[in-house]
Number of protein chains: 2
Amino acid sequence: MARTRTKTPTRWGDKEARRKDIVDAARHLLERRGYQAFNMRDLARGAGVTVGTVYTYFRNKEELFAVLYAERLERFHAEIAPLCRAAVSAEDLFIEIANRYRPVYQVFGRELNVWALVIDAAAKESAPSARPLVEAATQILSTVHTALDRLAPRSVRRTDDSDRHLAIPLLWVTLQGLCDHFTGARHLLHPHGWDELTRYAARTLARAIAGEEDR
Amino acid sequence: MARTRTKTPTRWGDKEARRKDIVDAARHLLERRGYQAFNMRDLARGAGVTVGTVYTYFRNKEELFAVLYAERLERFHAEIAPLCRAAVSAEDLFIEIANRYRPVYQVFGRELNVWALVIDAAAKESAPSARPLVEAATQILSTVHTALDRLAPRSVRRTDDSDRHLAIPLLWVTLQGLCDHFTGARHLLHPHGWDELTRYAARTLARAIAGEEDR
DNA sequence: ACCTGAACACCGTTCAAGT
DNA sequence: ACCTGAACACCGTTCAAGT
């Protein structure tokens, strides 16, 4: 027992390993102790370097956070992709996605608004740190889109199919809202739980996507 | 012209006026320059006092923020109450509420998670600073609930009316999600705008509240 | 009794200096 | 060339000291 500190120290000048040390330490700190504890000094100590070094590998704290976020979104995508392929109803799929997105939101969604980076990436052509994030998100949206096309093919044929494309953003918005609602404390103002409200949201949204009957 | 600095200074020991000065300065700073610029030193200077004084009137920055937030929610309630009474459709009402909530969210919703205070207020019986906030939110929920009962009376008669109570939380969650989506930058990942998505959400939700037909 | 403001602990970030 | 760590600017918060 007591197998801590077994890692051989990264040797001087090994930039690749050094970078990995920093990212690993950052991930460990953020996921274990939350954004509140995510500070550059502890992070550097965890990686076995000093603060100055972290800044030679990452422009700032936000950029490092974005790396972790993108990485996590890729893992999230890996989790839901098989579910999207296997799903037999939009309603159940939404619930499964929601349950897997919640922990992602809890760690990454709350405190820092990384998506502000995306604005810069769109404006200036630089900001390469936002790229993986945008790509991961785009991939997730695409996978979900494909699944919904399969599960609710009826609405694809509608003449005015602009509404169809609104379904994904609405799903996204609702998911985000649900996570925020239950990660914060607002849900204490009513007696309903995560499972209950998520199921209700799923049913409502599934009907909107499949149906769009009259009116 | 140049009518600045006309206010007569609050006299020594006038606690009521002093408190008002602080709240006024805080509101001015937060609403004019955003949460990022909302710091205790500028705030104190704006109120014509030093930081120490602010801390004799408010326990901390969060408590002061909660006061402003509650105040703003009361104003929001005053704005939507007549709309709730006059509304002829749940769909249009949702849109009107959303358009009025968006600026509230922009100032108060993003950065600080004040609702964590509510947890404390529920746990310890103290935390009086959370009270006005909870009250304002409760009042808003109640007003909206009444309006929906009037606009969609059909579902009230349903045997299993537990779903009925889920409608309000879902509305709330969706509203929050919409505001977050468009206040941040995530919406740049798809081509749809606030009006378009809000209208689609309103239609979807209104149908869920009124209908709940088959299944 | 009310208010001041220097001081404290803690941030993210920089940069001259070390090896 | 890579890395260090003291230093800087700026936070929220406290508290002995002033009036």
# chains A, B, ... in the order shown; residues from 1 in each chain; ligands from 1
$ closest_atom_pairs --of "chain D" --to "chain B" --cutoff "10 Å" --atoms "only C-alpha atoms (C1' of nucleotides)" --output "JSON lines"
{"residue": "D:DC11", "atom": "C1'", "partner": "B:Asn39", "partner_atom": "CA", "distance": 8.1}
{"residue": "D:DG12", "atom": "C1'", "partner": "B:Met40", "partner_atom": "CA", "distance": 7.6}
{"residue": "D:DT13", "atom": "C1'", "partner": "B:Asn60", "partner_atom": "CA", "distance": 8.1}
{"residue": "D:DT14", "atom": "C1'", "partner": "B:Gly52", "partner_atom": "CA", "distance": 8.3}
{"residue": "D:DC15", "atom": "C1'", "partner": "B:Gly52", "partner_atom": "CA", "distance": 9.1}
$ write_last_selection --atoms "N, CA and C atoms (P, O5', C5', C4', C3', O3' and C1' of nucleotides)" --output "CSV table (one decimal), in the first residue's frame"
chain,number,residue,atom,x,y,z
D,11,DC,P,-9.7,45.3,-8.8
D,11,DC,O5',-10.5,44.1,-8.2
D,11,DC,C5',-10.4,43.9,-6.9
D,11,DC,C4',-10.5,42.4,-6.6
D,11,DC,C3',-11.2,42.1,-5.4
D,11,DC,O3',-12.5,41.8,-5.7
D,11,DC,C1',-9.0,41.2,-5.3
D,12,DG,P,-13.7,42.5,-4.9
D,12,DG,O5',-13.8,41.6,-3.6
D,12,DG,C5',-14.0,40.2,-3.7
D,12,DG,C4',-13.8,39.5,-2.4
D,12,DG,C3',-14.7,40.1,-1.2
D,12,DG,O3',-15.1,39.0,-0.4
D,12,DG,C1',-12.4,40.4,-0.7
D,13,DT,P,-16.1,39.3,0.8
D,13,DT,O5',-15.1,39.6,2.0
D,13,DT,C5',-14.1,38.6,2.4
D,13,DT,C4',-13.3,39.1,3.5
D,13,DT,C3',-14.0,39.8,4.7
D,13,DT,O3',-13.8,39.0,5.8
D,13,DT,C1',-12.1,41.1,4.1
D,14,DT,P,-14.5,39.4,7.2
D,14,DT,O5',-13.2,40.1,8.0
D,14,DT,C5',-12.0,39.4,8.0
D,14,DT,C4',-11.0,40.3,8.8
D,14,DT,C3',-11.5,40.8,10.2
D,14,DT,O3',-10.4,40.6,11.1
D,14,DT,C1',-10.6,42.6,8.8
D,15,DC,P,-10.8,40.5,12.6
D,15,DC,O5',-9.9,41.7,13.3
D,15,DC,C5',-8.7,42.2,12.6
D,15,DC,C4',-8.4,43.5,13.1
D,15,DC,C3',-9.1,44.0,14.4
D,15,DC,O3',-8.2,44.8,15.1
D,15,DC,C1',-9.6,45.5,12.7
$ closest_atom_pairs --of "chain B" --to "chain A" --cutoff "6 Å" --atoms "only C-alpha atoms" --output "CSV"
residue,atom,partner,partner_atom,distance
B:Trp115,CA,A:Ala185,CA,5.2
B:Ala116,CA,A:Ala185,CA,5.7
B:Val173,CA,A:Gly177,CA,4.7
B:Thr174,CA,A:Thr174,CA,5.1
B:Gln176,CA,A:Gly177,CA,5.6
B:Gly177,CA,A:Gly177,CA,4.0
B:Leu178,CA,A:Val173,CA,5.7
B:Ala185,CA,A:Trp115,CA,5.2
B:Thr204,CA,A:Ala208,CA,5.8
B:Ala208,CA,A:Thr204,CA,5.8
$ write_last_selection --atoms "N, CA and C atoms" --output "mmCIF file, in the first residue's frame"
data_model
loop_
_atom_site.group_PDB
_atom_site.id
_atom_site.type_symbol
_atom_site.label_atom_id
_atom_site.label_comp_id
_atom_site.auth_asym_id
_atom_site.auth_seq_id
_atom_site.Cartn_x
_atom_site.Cartn_y
_atom_site.Cartn_z
ATOM 1 N N TRP B 115 -27.917 31.710 -5.521
ATOM 2 C CA TRP B 115 -28.893 30.764 -4.995
ATOM 3 C C TRP B 115 -28.257 29.766 -4.044
ATOM 4 N N ALA B 116 -26.938 29.768 -4.006
ATOM 5 C CA ALA B 116 -26.261 28.967 -2.981
ATOM 6 C C ALA B 116 -26.607 29.492 -1.589
ATOM 7 N N VAL B 173 -36.838 26.465 -16.292
ATOM 8 C CA VAL B 173 -35.594 25.861 -16.764
ATOM 9 C C VAL B 173 -35.299 26.284 -18.208
ATOM 10 N N THR B 174 -36.319 26.258 -19.032
ATOM 11 C CA THR B 174 -36.145 26.611 -20.435
ATOM 12 C C THR B 174 -35.759 28.077 -20.586
ATOM 13 N N GLN B 176 -34.285 29.983 -18.373
ATOM 14 C CA GLN B 176 -32.908 30.106 -17.897
ATOM 15 C C GLN B 176 -31.927 29.631 -18.965
ATOM 16 N N GLY B 177 -32.243 28.485 -19.550
ATOM 17 C CA GLY B 177 -31.383 27.922 -20.584
ATOM 18 C C GLY B 177 -31.274 28.835 -21.793
ATOM 19 N N LEU B 178 -32.383 29.407 -22.200
ATOM 20 C CA LEU B 178 -32.390 30.326 -23.336
ATOM 21 C C LEU B 178 -31.512 31.541 -23.063
ATOM 22 N N ALA B 185 -21.870 32.426 -25.569
ATOM 23 C CA ALA B 185 -21.510 32.406 -26.984
ATOM 24 C C ALA B 185 -21.910 31.108 -27.661
ATOM 25 N N THR B 204 -43.699 25.016 -28.274
ATOM 26 C CA THR B 204 -43.526 23.656 -27.768
ATOM 27 C C THR B 204 -44.075 23.515 -26.345
ATOM 28 N N ALA B 208 -47.403 21.550 -24.614
ATOM 29 C CA ALA B 208 -47.260 20.581 -23.524
ATOM 30 C C ALA B 208 -48.194 20.902 -22.370
#
$ calpha_fit_rmsd --fixed "chain A" --moving "chain B"
0.1 Å
$ atom_distance --atom1 "atom CA of Leu30 of chain B" --atom2 "atom CA of Ala66 of chain B"
12.0 Å
$ atom_distance --atom1 "atom CA of Glu74 of chain B" --atom2 "atom CA of Arg18 of chain B"
22.4 Å
$ select_by_dssp --residues "segment 7-197 of chain B" --states "helix (DSSP H, G or I)" --output "PyMOL selection string"
chain B and resi 15-33+35-37+40-47+51-57+61-86+90-109+115-123+128-151+153-157+162-183+186-189+194-197
$ atom_distance --atom1 "atom CA of Leu43 of chain B" --atom2 "atom CA of Ser129 of chain B"
19.1 Å
